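Text of the file target_30.cif, holding mmCIF, C-alpha atoms:
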data_data
#
loop_
_atom_site.label_atom_id
_atom_site.label_comp_id
_atom_site.auth_asym_id
_atom_site.auth_seq_id
_atom_site.Cartn_x
_atom_site.Cartn_y
_atom_site.Cartn_z
CA MET A 1 18.40 -32.93 -0.57
CA LYS A 2 16.45 -31.85 2.49
CA PHE A 3 14.50 -28.60 2.06
CA SER A 4 15.79 -25.78 4.30
CA ALA A 5 13.66 -22.68 4.86
CA ALA A 6 16.56 -20.86 6.52
CA ALA A 7 18.87 -21.48 3.59
CA CYS A 8 16.21 -20.31 1.17
CA LEU A 9 15.70 -17.06 3.07
CA ALA A 10 19.39 -16.35 3.37
CA THR A 11 19.83 -16.89 -0.33
CA VAL A 12 17.09 -14.89 -1.94
CA ILE A 13 15.81 -12.03 0.21
CA PRO A 14 17.59 -8.81 -0.77
CA SER A 15 18.41 -6.54 2.13
CA VAL A 16 15.99 -3.71 2.78
CA SER A 17 16.41 -0.71 5.01
CA GLY A 18 15.20 2.83 5.46
CA LEU A 19 11.90 4.55 6.05
CA LEU A 20 8.53 2.95 5.63
CA ALA A 21 6.84 4.07 2.43
CA PHE A 22 4.14 5.49 4.73
CA HIS A 23 2.90 4.67 8.20
CA GLY A 24 1.03 1.41 7.80
CA ALA A 25 3.20 0.10 4.96
CA GLU A 26 3.94 -3.58 5.56
CA GLY A 27 5.52 -6.63 4.00
CA PHE A 28 8.28 -7.00 1.46
CA GLY A 29 7.54 -3.68 -0.27
CA ARG A 30 7.24 -1.62 2.90
CA ASN A 31 10.34 0.52 2.28
CA ALA A 32 9.52 1.78 -1.22
CA ALA A 33 10.77 5.37 -1.54
CA GLY A 34 8.37 6.74 -4.13
CA GLY A 35 9.30 10.19 -5.45
CA ARG A 36 10.84 11.49 -2.24
CA THR A 37 13.88 13.03 -3.93
CA GLY A 38 12.09 14.33 -7.01
CA THR A 39 9.38 16.84 -7.90
CA VAL A 40 5.62 17.31 -7.56
CA TYR A 41 3.39 16.77 -10.61
CA HIS A 42 -0.23 17.96 -10.69
CA VAL A 43 -2.79 15.97 -12.69
CA THR A 44 -5.04 18.82 -13.82
CA ASN A 45 -7.32 17.13 -16.35
CA LEU A 46 -8.90 13.80 -17.33
CA ASN A 47 -7.28 13.64 -20.76
CA ASP A 48 -5.66 10.47 -22.05
CA SER A 49 -2.37 12.25 -22.76
CA GLY A 50 -0.65 15.61 -22.85
CA ALA A 51 0.34 18.12 -20.21
CA GLY A 52 -1.49 17.65 -16.94
CA SER A 53 -2.67 14.12 -17.77
CA PHE A 54 -2.18 11.00 -15.68
CA ARG A 55 -0.19 9.38 -18.49
CA ASP A 56 2.21 12.32 -18.60
CA ALA A 57 2.46 12.36 -14.81
CA VAL A 58 3.88 8.83 -14.61
CA SER A 59 5.97 9.02 -17.78
CA LYS A 60 9.10 10.36 -16.04
CA SER A 61 10.85 9.23 -12.88
CA ASN A 62 11.06 10.84 -9.46
CA ARG A 63 7.62 12.36 -9.10
CA ILE A 64 5.00 12.63 -6.42
CA VAL A 65 1.73 12.72 -8.35
CA VAL A 66 -1.17 14.68 -6.88
CA PHE A 67 -4.63 15.18 -8.36
CA ASP A 68 -6.41 18.50 -8.78
CA VAL A 69 -9.36 16.76 -10.47
CA SER A 70 -11.66 13.83 -9.82
CA GLY A 71 -13.44 11.48 -12.21
CA THR A 72 -12.55 8.90 -14.85
CA VAL A 73 -9.49 9.01 -17.08
CA LYS A 74 -10.28 7.00 -20.22
CA ILE A 75 -7.09 5.56 -21.69
CA THR A 76 -6.96 4.01 -25.14
CA SER A 77 -3.52 2.43 -24.87
CA ARG A 78 -1.52 0.95 -22.02
CA VAL A 79 0.26 3.18 -19.52
CA ALA A 80 3.85 2.40 -18.52
CA VAL A 81 4.78 3.77 -15.10
CA SER A 82 8.33 5.05 -14.52
CA LYS A 83 10.63 4.54 -11.53
CA ASN A 84 10.33 6.37 -8.21
CA ILE A 85 6.71 7.41 -8.54
CA TYR A 86 4.25 8.03 -5.71
CA ILE A 87 0.69 8.01 -7.09
CA ALA A 88 -1.20 9.76 -4.31
CA GLY A 89 -4.78 9.04 -5.31
CA GLN A 90 -5.97 10.20 -1.89
CA THR A 91 -5.32 13.80 -2.97
CA ALA A 92 -8.10 13.71 -5.58
CA PRO A 93 -11.14 15.76 -4.62
CA GLY A 94 -14.71 14.50 -4.83
CA ASN A 95 -15.03 10.75 -5.34
CA GLY A 96 -11.44 10.12 -6.41
CA ILE A 97 -9.80 8.88 -9.60
CA THR A 98 -10.47 5.93 -11.91
CA ILE A 99 -8.19 4.89 -14.78
CA TYR A 100 -10.38 3.02 -17.29
CA GLY A 101 -10.11 1.49 -20.73
CA ASN A 102 -6.77 -0.31 -20.79
CA GLY A 103 -4.07 -1.67 -18.52
CA LEU A 104 -0.93 -0.47 -16.77
CA SER A 105 2.60 -1.84 -16.58
CA PHE A 106 4.68 -1.36 -13.45
CA SER A 107 7.58 -3.38 -14.85
CA ASN A 108 10.79 -1.72 -13.65
CA ALA A 109 8.77 0.93 -11.80
CA ASN A 110 11.20 0.51 -8.93
CA GLU A 111 10.33 2.19 -5.61
CA ALA A 112 6.70 2.82 -6.64
CA ILE A 113 4.05 3.77 -4.07
CA ILE A 114 0.48 3.52 -5.35
CA ARG A 115 -2.45 4.44 -3.10
CA TYR A 116 -6.19 5.07 -3.29
CA ILE A 117 -6.83 4.77 -7.00
CA ARG A 118 -8.97 2.55 -9.25
CA PHE A 119 -7.57 0.68 -12.24
CA ARG A 120 -10.39 -0.75 -14.37
CA MET A 121 -9.17 -2.21 -17.65
CA GLY A 122 -12.32 -3.33 -19.48
CA LYS A 123 -13.17 -5.23 -22.63
CA GLY A 124 -11.83 -2.47 -24.85
CA GLY A 125 -8.30 -2.97 -23.48
CA ASP A 126 -5.59 -4.87 -25.29
CA SER A 127 -6.49 -8.53 -25.78
CA GLY A 128 -4.27 -10.95 -23.87
CA LYS A 129 -2.95 -8.24 -21.56
CA ASP A 130 -3.26 -7.77 -17.80
CA GLY A 131 -5.10 -5.02 -15.99
CA VAL A 132 -1.97 -4.42 -13.89
CA THR A 133 1.26 -6.25 -14.63
CA ILE A 134 4.78 -6.44 -13.19
CA ALA A 135 7.38 -8.55 -14.99
CA GLU A 136 10.52 -7.19 -13.33
CA GLY A 137 11.54 -4.54 -10.84
CA SER A 138 11.89 -4.02 -7.11
CA ASN A 139 10.49 -2.33 -4.03
CA MET A 140 6.86 -1.46 -4.76
CA ILE A 141 3.77 -1.15 -2.61
CA PHE A 142 0.10 -0.98 -3.63
CA ASP A 143 -2.27 0.17 -0.89
CA HIS A 144 -6.04 0.67 -1.11
CA VAL A 145 -6.14 0.12 -4.86
CA SER A 146 -9.18 -1.23 -6.73
CA THR A 147 -8.35 -3.36 -9.77
CA THR A 148 -11.00 -4.97 -11.97
CA TRP A 149 -11.86 -6.15 -15.47
CA GLY A 150 -8.52 -7.51 -16.68
CA ARG A 151 -8.53 -9.13 -20.14
CA ASP A 152 -5.86 -11.72 -19.17
CA GLU A 153 -4.95 -11.40 -15.48
CA THR A 154 -6.39 -8.60 -13.41
CA PHE A 155 -3.27 -8.05 -11.25
CA SER A 156 -0.28 -10.19 -12.14
CA ILE A 157 3.33 -10.43 -10.95
CA ASN A 158 5.46 -12.91 -12.84
CA GLY A 159 9.23 -12.78 -13.15
CA ALA A 160 12.33 -11.34 -11.49
CA VAL A 161 10.39 -9.05 -9.18
CA HIS A 162 11.82 -8.20 -5.75
CA ASN A 163 9.99 -6.96 -2.68
CA VAL A 164 6.39 -6.12 -3.56
CA THR A 165 3.43 -5.61 -1.24
CA ILE A 166 -0.23 -5.54 -2.22
CA GLN A 167 -2.37 -4.61 0.75
CA ASN A 168 -5.99 -3.51 1.32
CA THR A 169 -6.69 -3.97 -2.39
CA ILE A 170 -9.55 -5.38 -4.48
CA ILE A 171 -8.63 -7.77 -7.31
CA GLY A 172 -11.87 -8.67 -8.99
CA GLN A 173 -14.08 -9.49 -11.94
CA GLY A 174 -11.46 -10.63 -14.40
CA LEU A 175 -13.29 -10.80 -17.71
CA GLU A 176 -14.16 -14.12 -19.28
CA THR A 177 -13.19 -16.14 -21.05
CA HIS A 178 -9.95 -16.05 -19.04
CA SER A 179 -11.25 -14.38 -15.85
CA CYS A 180 -8.14 -14.53 -13.65
CA GLY A 181 -7.29 -12.80 -10.42
CA GLY A 182 -3.63 -13.14 -11.25
CA LEU A 183 -0.28 -14.81 -11.00
CA MET A 184 1.80 -14.04 -7.91
CA GLN A 185 5.04 -15.67 -8.98
CA SER A 186 8.41 -14.45 -7.77
CA ASP A 187 11.33 -16.00 -5.92
CA TYR A 188 12.11 -12.67 -4.28
CA GLY A 189 9.19 -11.74 -2.07
CA ILE A 190 5.51 -10.86 -2.53
CA SER A 191 3.29 -9.91 0.41
CA LEU A 192 -0.50 -10.08 0.11
CA PHE A 193 -2.31 -8.68 3.16
CA ARG A 194 -6.01 -7.87 3.73
CA ASN A 195 -7.01 -8.04 0.06
CA LEU A 196 -10.29 -9.10 -1.54
CA TYR A 197 -10.23 -11.53 -4.46
CA ILE A 198 -13.71 -11.73 -5.97
CA ASP A 199 -15.54 -13.03 -9.05
CA ASN A 200 -12.48 -14.47 -10.79
CA LYS A 201 -12.81 -17.90 -12.39
CA THR A 202 -9.27 -18.86 -11.39
CA ARG A 203 -5.93 -17.71 -9.92
CA ASN A 204 -7.17 -16.15 -6.70
CA PRO A 205 -4.17 -16.05 -6.77
CA LYS A 206 -1.83 -18.58 -8.42
CA VAL A 207 1.25 -18.55 -6.19
CA LYS A 208 4.78 -19.67 -6.92
CA GLY A 209 8.03 -18.75 -5.20
CA MET A 210 8.31 -16.67 -2.03
CA ASN A 211 4.91 -15.49 -0.86
CA ASP A 212 3.22 -14.26 2.31
CA PHE A 213 -0.60 -14.52 2.17
CA GLN A 214 -2.32 -13.28 5.31
CA ASN A 215 -5.78 -11.97 6.30
CA ASN A 216 -7.19 -12.04 2.77
CA VAL A 217 -10.79 -12.73 1.75
CA ILE A 218 -11.49 -14.83 -1.33
CA TYR A 219 -15.06 -14.97 -2.68
CA ASN A 220 -16.91 -16.62 -5.56
CA TRP A 221 -14.08 -18.20 -7.52
CA GLY A 222 -15.00 -20.32 -10.52
CA GLY A 223 -14.09 -23.78 -11.72
CA GLY A 224 -10.44 -22.86 -12.22
CA GLY A 225 -9.92 -22.60 -8.48
CA ALA A 226 -9.24 -20.16 -5.68
CA TYR A 227 -5.69 -20.44 -4.31
CA ILE A 228 -3.56 -22.40 -6.79
CA ALA A 229 -0.54 -23.80 -4.97
CA GLY A 230 2.26 -23.63 -7.49
CA ASP A 231 1.25 -26.31 -9.99
CA SER A 232 4.94 -26.39 -10.82
CA ALA A 233 8.20 -28.27 -10.63
CA GLY A 234 9.72 -25.11 -9.16
CA GLN A 235 10.12 -24.61 -5.41
CA SER A 236 7.68 -22.43 -3.48
CA ASN A 237 7.85 -21.26 0.13
CA ALA A 238 4.66 -19.64 1.35
CA ASN A 239 2.86 -18.55 4.48
CA ILE A 240 -0.93 -18.94 4.26
CA ILE A 241 -2.33 -17.54 7.49
CA ASN A 242 -5.78 -16.50 8.76
CA ASN A 243 -7.48 -16.10 5.39
CA TYR A 244 -11.18 -16.68 4.70
CA PHE A 245 -12.43 -18.53 1.61
CA ILE A 246 -16.16 -18.15 0.88
CA SER A 247 -17.84 -20.04 -1.95
CA GLY A 248 -20.25 -18.11 -4.13
CA PRO A 249 -22.72 -19.01 -6.88
CA SER A 250 -19.88 -19.68 -9.36
CA SER A 251 -17.77 -21.81 -7.01
CA SER A 252 -17.63 -25.50 -7.90
CA VAL A 253 -14.21 -26.58 -6.60
CA THR A 254 -12.55 -26.42 -3.22
CA ALA A 255 -10.44 -23.53 -1.91
CA PHE A 256 -6.98 -25.00 -2.66
CA THR A 257 -6.03 -26.74 -5.88
CA ARG A 258 -3.04 -27.98 -7.90
CA GLY A 259 -0.54 -28.30 -5.07
CA ASN A 260 2.36 -30.74 -4.95
CA ALA A 261 5.42 -31.63 -2.89
CA ASN A 262 7.39 -28.70 -4.36
CA PHE A 263 5.05 -26.22 -2.69
CA HIS A 264 6.18 -25.78 0.93
CA GLY A 265 3.40 -24.06 2.85
CA TYR A 266 3.04 -22.95 6.44
CA VAL A 267 -0.72 -22.90 6.99
CA SER A 268 -2.70 -21.70 9.99
CA ASP A 269 -6.37 -20.97 10.76
CA ASN A 270 -7.59 -20.56 7.21
CA TYR A 271 -11.39 -20.68 7.21
CA TYR A 272 -13.58 -22.14 4.47
CA ASP A 273 -17.33 -21.53 4.12
CA SER A 274 -18.52 -23.76 1.31
CA ASN A 275 -22.27 -24.04 1.87
CA LYS A 276 -23.58 -20.84 0.18
CA ASP A 277 -26.39 -20.60 2.74
CA GLY A 278 -26.44 -16.83 3.26
CA THR A 279 -24.66 -17.00 6.62
CA LEU A 280 -20.96 -16.65 7.32
CA ASN A 281 -20.33 -19.91 9.16
CA GLY A 282 -17.09 -21.37 7.87
CA THR A 283 -14.66 -23.43 9.88
CA PRO A 284 -10.86 -23.77 9.87
CA LEU A 285 -9.36 -26.16 7.35
CA CYS A 286 -7.46 -29.12 8.73
CA VAL A 287 -3.70 -28.68 8.87
CA GLN A 288 -3.00 -31.57 6.54
CA ALA A 289 -2.02 -31.97 2.92
CA SER A 290 -5.50 -33.33 2.17
CA CYS A 291 -7.03 -29.92 2.95
CA TYR A 292 -4.35 -28.05 1.02
CA SER A 293 -4.16 -29.93 -2.27
CA ASP A 294 -1.16 -32.09 -1.40
CA MET A 295 1.26 -29.25 -0.68
CA ASP A 296 4.21 -29.93 1.64
CA ILE A 297 2.92 -28.65 5.00
CA GLN A 298 5.56 -26.89 7.10
CA LYS A 299 5.63 -26.81 10.91
CA THR A 300 7.33 -23.42 11.19
CA ARG A 301 6.23 -20.11 9.75
CA PHE A 302 8.58 -18.59 7.19
CA ASP A 303 10.32 -15.56 8.66
CA TYR A 304 8.91 -13.00 6.26
CA PRO A 305 7.98 -9.42 7.25
CA GLY A 306 4.34 -9.95 8.17
CA PRO A 307 1.49 -7.60 9.07
CA GLY A 308 1.87 -5.56 12.23
CA ARG A 309 -1.49 -6.79 13.50
CA LEU A 310 -2.61 -10.26 12.51
CA MET A 311 -6.37 -10.68 12.78
CA THR A 312 -8.36 -13.87 13.10
CA ALA A 313 -9.91 -14.90 9.78
CA PRO A 314 -13.45 -13.87 10.89
CA ASP A 315 -12.16 -10.49 12.06
CA ALA A 316 -10.30 -10.09 8.77
CA VAL A 317 -13.59 -10.46 6.89
CA THR A 318 -15.09 -7.56 8.84
CA TYR A 319 -12.01 -5.42 8.39
CA VAL A 320 -11.58 -6.12 4.69
CA LEU A 321 -15.21 -5.49 3.80
CA ASP A 322 -15.17 -2.21 5.73
CA LYS A 323 -11.80 -0.92 4.51
CA VAL A 324 -10.62 -2.59 1.29
CA GLY A 325 -10.07 -0.82 -2.01
CA ALA A 326 -9.94 2.86 -2.95
CA ASN A 327 -12.28 3.87 -0.14
CA PHE A 328 -11.09 7.46 0.28
CA PRO A 329 -12.67 9.87 -0.23
CA ALA A 330 -15.42 7.34 -1.05
CA ARG A 331 -15.99 3.98 -2.68
CA ASP A 332 -17.53 3.98 -6.12
CA GLU A 333 -20.57 1.86 -6.98
CA VAL A 334 -18.43 -0.90 -8.51
CA ASP A 335 -16.66 -1.54 -5.23
CA LYS A 336 -19.85 -1.13 -3.21
CA SER A 337 -21.54 -3.80 -5.32
CA LEU A 338 -18.61 -6.21 -4.89
CA VAL A 339 -18.61 -5.80 -1.13
CA ALA A 340 -22.41 -6.33 -1.09
CA GLU A 341 -21.90 -9.62 -2.98
CA VAL A 342 -19.59 -10.92 -0.28
CA ARG A 343 -22.08 -9.92 2.43
CA SER A 344 -24.67 -12.17 0.77
CA TRP A 345 -22.44 -15.01 2.06
CA GLY A 346 -22.74 -17.17 -1.02
CA LYS A 347 -26.04 -16.01 -2.52
CA LYS A 348 -24.81 -13.31 -4.92
CA GLY A 349 -21.94 -13.00 -7.39
CA ALA A 350 -21.15 -13.89 -10.97
CA LEU A 351 -18.33 -14.28 -13.46
CA ILE A 352 -18.65 -11.61 -16.16
CA SER A 353 -17.48 -11.12 -19.73
CA GLN A 354 -18.47 -7.46 -20.05
CA GLU A 355 -17.96 -4.72 -17.49
CA ASN A 356 -20.85 -2.61 -16.20
CA THR A 357 -19.56 0.91 -16.79
CA GLY A 358 -22.81 2.36 -15.47
CA LEU A 359 -21.62 1.59 -11.97
CA MET A 360 -18.53 3.77 -12.37
CA GLY A 361 -20.55 6.99 -12.45
CA ASP A 362 -18.94 10.28 -13.33
CA GLY A 363 -17.40 11.38 -10.07
CA GLY A 364 -15.95 14.52 -11.63
CA GLY A 365 -16.38 18.22 -11.09
CA ALA A 366 -15.04 18.56 -7.57
CA LYS A 367 -12.48 21.30 -6.94
CA ALA A 368 -9.14 20.88 -5.25
CA PRO A 369 -8.41 23.08 -2.21
CA VAL A 370 -6.59 26.38 -2.73
CA ASP A 371 -2.84 25.91 -3.27
CA THR A 372 -1.40 29.35 -3.98
CA ASP A 373 2.20 28.29 -4.60
CA GLY A 374 1.24 25.18 -6.57
CA ASP A 375 3.44 22.86 -4.52
CA GLY A 376 0.75 20.21 -3.98
CA ILE A 377 0.03 21.19 -0.37
CA PRO A 378 -3.10 23.31 0.24
CA ASP A 379 -2.64 26.71 1.82
CA ALA A 380 -4.67 25.82 4.91
CA TRP A 381 -2.47 22.81 5.70
CA GLU A 382 0.75 24.72 5.12
CA ASP A 383 -0.37 27.57 7.32
CA ALA A 384 -1.42 25.18 10.08
CA HIS A 385 1.88 23.29 9.99
CA GLY A 386 4.41 26.12 9.85
CA LEU A 387 5.11 26.02 6.10
CA ASN A 388 4.97 28.93 3.68
CA SER A 389 1.95 28.79 1.36
CA ARG A 390 3.77 31.15 -1.00
CA ASP A 391 6.99 29.18 -1.27
CA ALA A 392 6.75 26.14 -3.54
CA SER A 393 10.19 24.87 -2.58
CA ASP A 394 9.17 23.72 0.89
CA ALA A 395 7.03 20.81 -0.35
CA MET A 396 9.99 18.62 -1.27
CA LYS A 397 12.17 19.57 1.69
CA ILE A 398 12.92 16.62 3.97
CA ASN A 399 11.76 17.34 7.50
CA SER A 400 12.92 15.83 10.79
CA SER A 401 10.80 12.70 10.23
CA GLY A 402 12.83 11.80 7.14
CA TYR A 403 9.87 12.38 4.79
CA ALA A 404 9.35 15.24 2.39
CA ASN A 405 6.80 17.76 3.66
CA ILE A 406 4.38 16.83 0.88
CA GLU A 407 4.58 13.18 1.91
CA VAL A 408 3.61 14.14 5.43
CA TYR A 409 0.62 16.02 4.00
CA VAL A 410 -0.64 13.34 1.58
CA ASN A 411 -0.18 10.60 4.15
CA SER A 412 -2.09 12.61 6.76
CA LEU A 413 -5.21 12.52 4.58
CA VAL A 414 -5.85 8.83 5.28
CA PRO A 415 -5.47 6.58 8.32
CA SER A 416 -2.51 4.27 8.71
CA SER A 417 -3.44 0.91 7.21
#
Kindly present the structure from the file in structure tokens form.
Amino acid sequence: MKFSAAACLATVIPSVSGLLAFHGAEGFGRNAAGGRTGTVYHVTNLNDSGAGSFRDAVSKSNRIVVFDVSGTVKITSRVAVSKNIYIAGQTAPGNGITIYGNGLSFSNANEAIIRYIRFRMGKGGDSGKDGVTIAEGSNMIFDHVSTTWGRDETFSINGAVHNVTIQNTIIGQGLETHSCGGLMQSDYGISLFRNLYIDNKTRNPKVKGMNDFQNNVIYNWGGGGAYIAGDSAGQSNANIINNYFISGPSSSVTAFTRGNANFHGYVSDNYYDSNKDGTLNGTPLCVQASCYSDMDIQKTRFDYPGPGRLMTAPDAVTYVLDKVGANFPARDEVDKSLVAEVRSWGKKGALISQENTGLMGDGGGAKAPVDTDGDGIPDAWEDAHGLNSRDASDAMKINSSGYANIEVYVNSLVPSS
């Protein structure tokens, strides 16, 4: 039977409508609602559990989570995130928030919005588990997240998962012996825009199903490969557009591996710099199956909800290295070191089996701005925008834009992606 992209799209894309999760939200997960109809929860300490902890904050549905503290939350067991949660990491004072020591599950965390936070699993996390995992659920967006040190995969989506976007995010340093960026396997829509995959032996990512991969940077993959094109008898339908693959010290195989005729890919202007000579001087791959590991090359782009501004691959490198990860209010030393590796253009980078916690720093001690009514919006912002800094009920009121007032505040802290 002849493959039909139009039939595939008509069959499997669920309808989406409504507001953007935030200005700059793109791709399949762009309409995630977060906690818009719920309540505000303040993270007031760095404890593993209990009142005011991050774990408690995400344990119940319909919350917008703000941070009154900065620093590292050390978790000893995995955290399961509930439905309709907006994790607003950009509200943390000082150098922001890191969740370290184990992994997180976003399975069935429908409508989740996750922004400006670091998830660093580490060797002490559960063996055989992912740093971040999604096995089922719908309508989620991850924006400016830094994920590292997964025991199995570092960020993995595998199963009946509908409409997810990962954008402006670092997926790096999966721990050996597995050392995987992650599976991106769903028949129902995953968008990957402007991300950095770095220092993972394999699965940077491994794609199967419906996938849109645009303006990403992939650096220093190992012998397991960079982009793995399905490696499956199942059907895959993917855009692969304007990405940049840069070999590093650990790279020994080409950018695309393990494709076959079941992987239907629209490819365009993907650059590959394989020479490790300290200069960014890659060239576009040929638009033939021989350059893309025998996948079934398509002549027409799949009609998926792409990025609002598509950059050339060289411009994407500049943008990603300047902007990627939890960069507000500031990058930590882990992310700075990863970006510096890429800027060596093949000279620096390594696969690791043990995380360097010394690079995380402390980052704590900063104070949140004054919020008299405790509604998550500082007094100064409320006063400047016609709200009442002594009336906690106005934070969750929906204003004329369709967003809750607190969403307008937290989204105003950072630029549109």
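In this structure, atom CA of Arg55 of chain A sits 12.9 Å away from atom CA of Thr72 of chain A.
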Selection result for the PyMOL selection byres ((chain A and resi 264-277) around 6) on this file, as a ChimeraX atom specification: /A:236-247,263,278-279,282-285,296-298,301,346
The PyMOL selection byres ((chain A and resi 193-196) around 6) resolved against shown file, as a ChimeraX atom specification: /A:167-170,192,197,214-218,320
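Applied to the shown file, the PyMOL selection byres ((chain A and resi 76) around 12) selects the residues A:Asn47, A:Asp48, A:Ser49, A:Arg55, A:Val73, A:Lys74, A:Ile75, A:Ser77, A:Arg78, A:Val79, A:Ile99, A:Tyr100, A:Gly101, A:Asn102, A:Gly103, A:Leu104, A:Met121, A:Gly122, A:Lys123, A:Gly124, A:Gly125, A:Asp126.
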Take the residues from that selection and put them in a file with C-alpha atoms, as a short mmCIF file (atom, residue, chain, number, x, y, z; two decimals), keeping the file's coordinate frame.
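Result went into part.cif, see below:
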data_model
loop_
_atom_site.label_atom_id
_atom_site.label_comp_id
_atom_site.auth_asym_id
_atom_site.auth_seq_id
_atom_site.Cartn_x
_atom_site.Cartn_y
_atom_site.Cartn_z
CA ASN A 47 -7.28 13.64 -20.76
CA ASP A 48 -5.66 10.47 -22.05
CA SER A 49 -2.37 12.25 -22.76
CA ARG A 55 -0.19 9.38 -18.49
CA VAL A 73 -9.49 9.01 -17.08
CA LYS A 74 -10.28 7.00 -20.22
CA ILE A 75 -7.09 5.56 -21.69
CA SER A 77 -3.52 2.43 -24.87
CA ARG A 78 -1.52 0.95 -22.02
CA VAL A 79 0.26 3.18 -19.52
CA ILE A 99 -8.19 4.89 -14.78
CA TYR A 100 -10.38 3.02 -17.29
CA GLY A 101 -10.11 1.49 -20.73
CA ASN A 102 -6.77 -0.31 -20.79
CA GLY A 103 -4.07 -1.67 -18.52
CA LEU A 104 -0.93 -0.47 -16.77
CA MET A 121 -9.17 -2.21 -17.65
CA GLY A 122 -12.32 -3.33 -19.48
CA LYS A 123 -13.17 -5.23 -22.63
CA GLY A 124 -11.83 -2.47 -24.85
CA GLY A 125 -8.30 -2.97 -23.48
CA ASP A 126 -5.59 -4.87 -25.29
#
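For the set A:Val69, A:Ser127, A:Glu153, A:Thr39, the residue with the smallest atom-to-atom gap to Ser53 of chain A is A:Val69, counting only C-alpha atoms.
Proximity to Arg30 of chain A was assessed for A:Pro378, A:Gly306, A:Gly71, A:Gly386 counting only C-alpha atoms; the smallest distance is recorded for A:Gly306.
Comparing the minimum interatomic distances between Ser344 of chain A and each of A:Asn260, A:Asn211, A:Asn220, A:Ser290, counting all atoms listed in the file, we find that A:Asn220 sits nearest.
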As a PDB file, in the frame of the given file, please: segment 241-245 of chain A completed to all heavy atoms.
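As written to disk, result-v7.pdb reads:
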ATOM      1  N   ILE A 241      -1.962 -17.706   6.090  1.00  0.00           N
ATOM      2  CA  ILE A 241      -2.330 -17.540   7.490  1.00  0.00           C
ATOM      3  C   ILE A 241      -3.602 -16.701   7.625  1.00  0.00           C
ATOM      4  O   ILE A 241      -3.696 -15.585   7.099  1.00  0.00           O
ATOM      5  CB  ILE A 241      -1.172 -16.867   8.268  1.00  0.00           C
ATOM      6  CG1 ILE A 241       0.106 -17.712   8.175  1.00  0.00           C
ATOM      7  CG2 ILE A 241      -1.557 -16.619   9.714  1.00  0.00           C
ATOM      8  CD1 ILE A 241       1.340 -17.021   8.735  1.00  0.00           C
ATOM      9  N   ASN A 242      -4.583 -17.246   8.332  1.00  0.00           N
ATOM     10  CA  ASN A 242      -5.780 -16.500   8.760  1.00  0.00           C
ATOM     11  C   ASN A 242      -6.506 -15.827   7.604  1.00  0.00           C
ATOM     12  O   ASN A 242      -6.901 -14.658   7.693  1.00  0.00           O
ATOM     13  CB  ASN A 242      -5.410 -15.468   9.827  1.00  0.00           C
ATOM     14  CG  ASN A 242      -4.967 -16.098  11.135  1.00  0.00           C
ATOM     15  OD1 ASN A 242      -4.479 -17.221  11.152  1.00  0.00           O
ATOM     16  ND2 ASN A 242      -5.123 -15.381  12.230  1.00  0.00           N
ATOM     17  N   ASN A 243      -6.691 -16.569   6.531  1.00  0.00           N
ATOM     18  CA  ASN A 243      -7.480 -16.100   5.390  1.00  0.00           C
ATOM     19  C   ASN A 243      -8.862 -16.741   5.440  1.00  0.00           C
ATOM     20  O   ASN A 243      -9.074 -17.756   6.104  1.00  0.00           O
ATOM     21  CB  ASN A 243      -6.776 -16.473   4.090  1.00  0.00           C
ATOM     22  CG  ASN A 243      -5.365 -15.927   4.023  1.00  0.00           C
ATOM     23  OD1 ASN A 243      -5.157 -14.735   3.820  1.00  0.00           O
ATOM     24  ND2 ASN A 243      -4.368 -16.796   4.215  1.00  0.00           N
ATOM     25  N   TYR A 244      -9.811 -16.155   4.707  1.00  0.00           N
ATOM     26  CA  TYR A 244     -11.180 -16.680   4.700  1.00  0.00           C
ATOM     27  C   TYR A 244     -11.619 -16.904   3.257  1.00  0.00           C
ATOM     28  O   TYR A 244     -11.648 -15.968   2.453  1.00  0.00           O
ATOM     29  CB  TYR A 244     -12.139 -15.713   5.388  1.00  0.00           C
ATOM     30  CG  TYR A 244     -13.273 -16.385   6.141  1.00  0.00           C
ATOM     31  CD1 TYR A 244     -13.488 -16.125   7.487  1.00  0.00           C
ATOM     32  CD2 TYR A 244     -14.136 -17.278   5.514  1.00  0.00           C
ATOM     33  CE1 TYR A 244     -14.517 -16.737   8.193  1.00  0.00           C
ATOM     34  CE2 TYR A 244     -15.177 -17.891   6.200  1.00  0.00           C
ATOM     35  CZ  TYR A 244     -15.359 -17.622   7.552  1.00  0.00           C
ATOM     36  OH  TYR A 244     -16.388 -18.226   8.243  1.00  0.00           O
ATOM     37  N   PHE A 245     -11.960 -18.145   2.928  1.00  0.00           N
ATOM     38  CA  PHE A 245     -12.430 -18.530   1.610  1.00  0.00           C
ATOM     39  C   PHE A 245     -13.938 -18.772   1.686  1.00  0.00           C
ATOM     40  O   PHE A 245     -14.399 -19.584   2.498  1.00  0.00           O
ATOM     41  CB  PHE A 245     -11.717 -19.798   1.138  1.00  0.00           C
ATOM     42  CG  PHE A 245     -10.236 -19.617   0.915  1.00  0.00           C
ATOM     43  CD1 PHE A 245      -9.352 -19.616   1.992  1.00  0.00           C
ATOM     44  CD2 PHE A 245      -9.737 -19.428  -0.358  1.00  0.00           C
ATOM     45  CE1 PHE A 245      -7.988 -19.446   1.791  1.00  0.00           C
ATOM     46  CE2 PHE A 245      -8.372 -19.252  -0.571  1.00  0.00           C
ATOM     47  CZ  PHE A 245      -7.496 -19.251   0.499  1.00  0.00           C
TER      48      PHE A 245
END
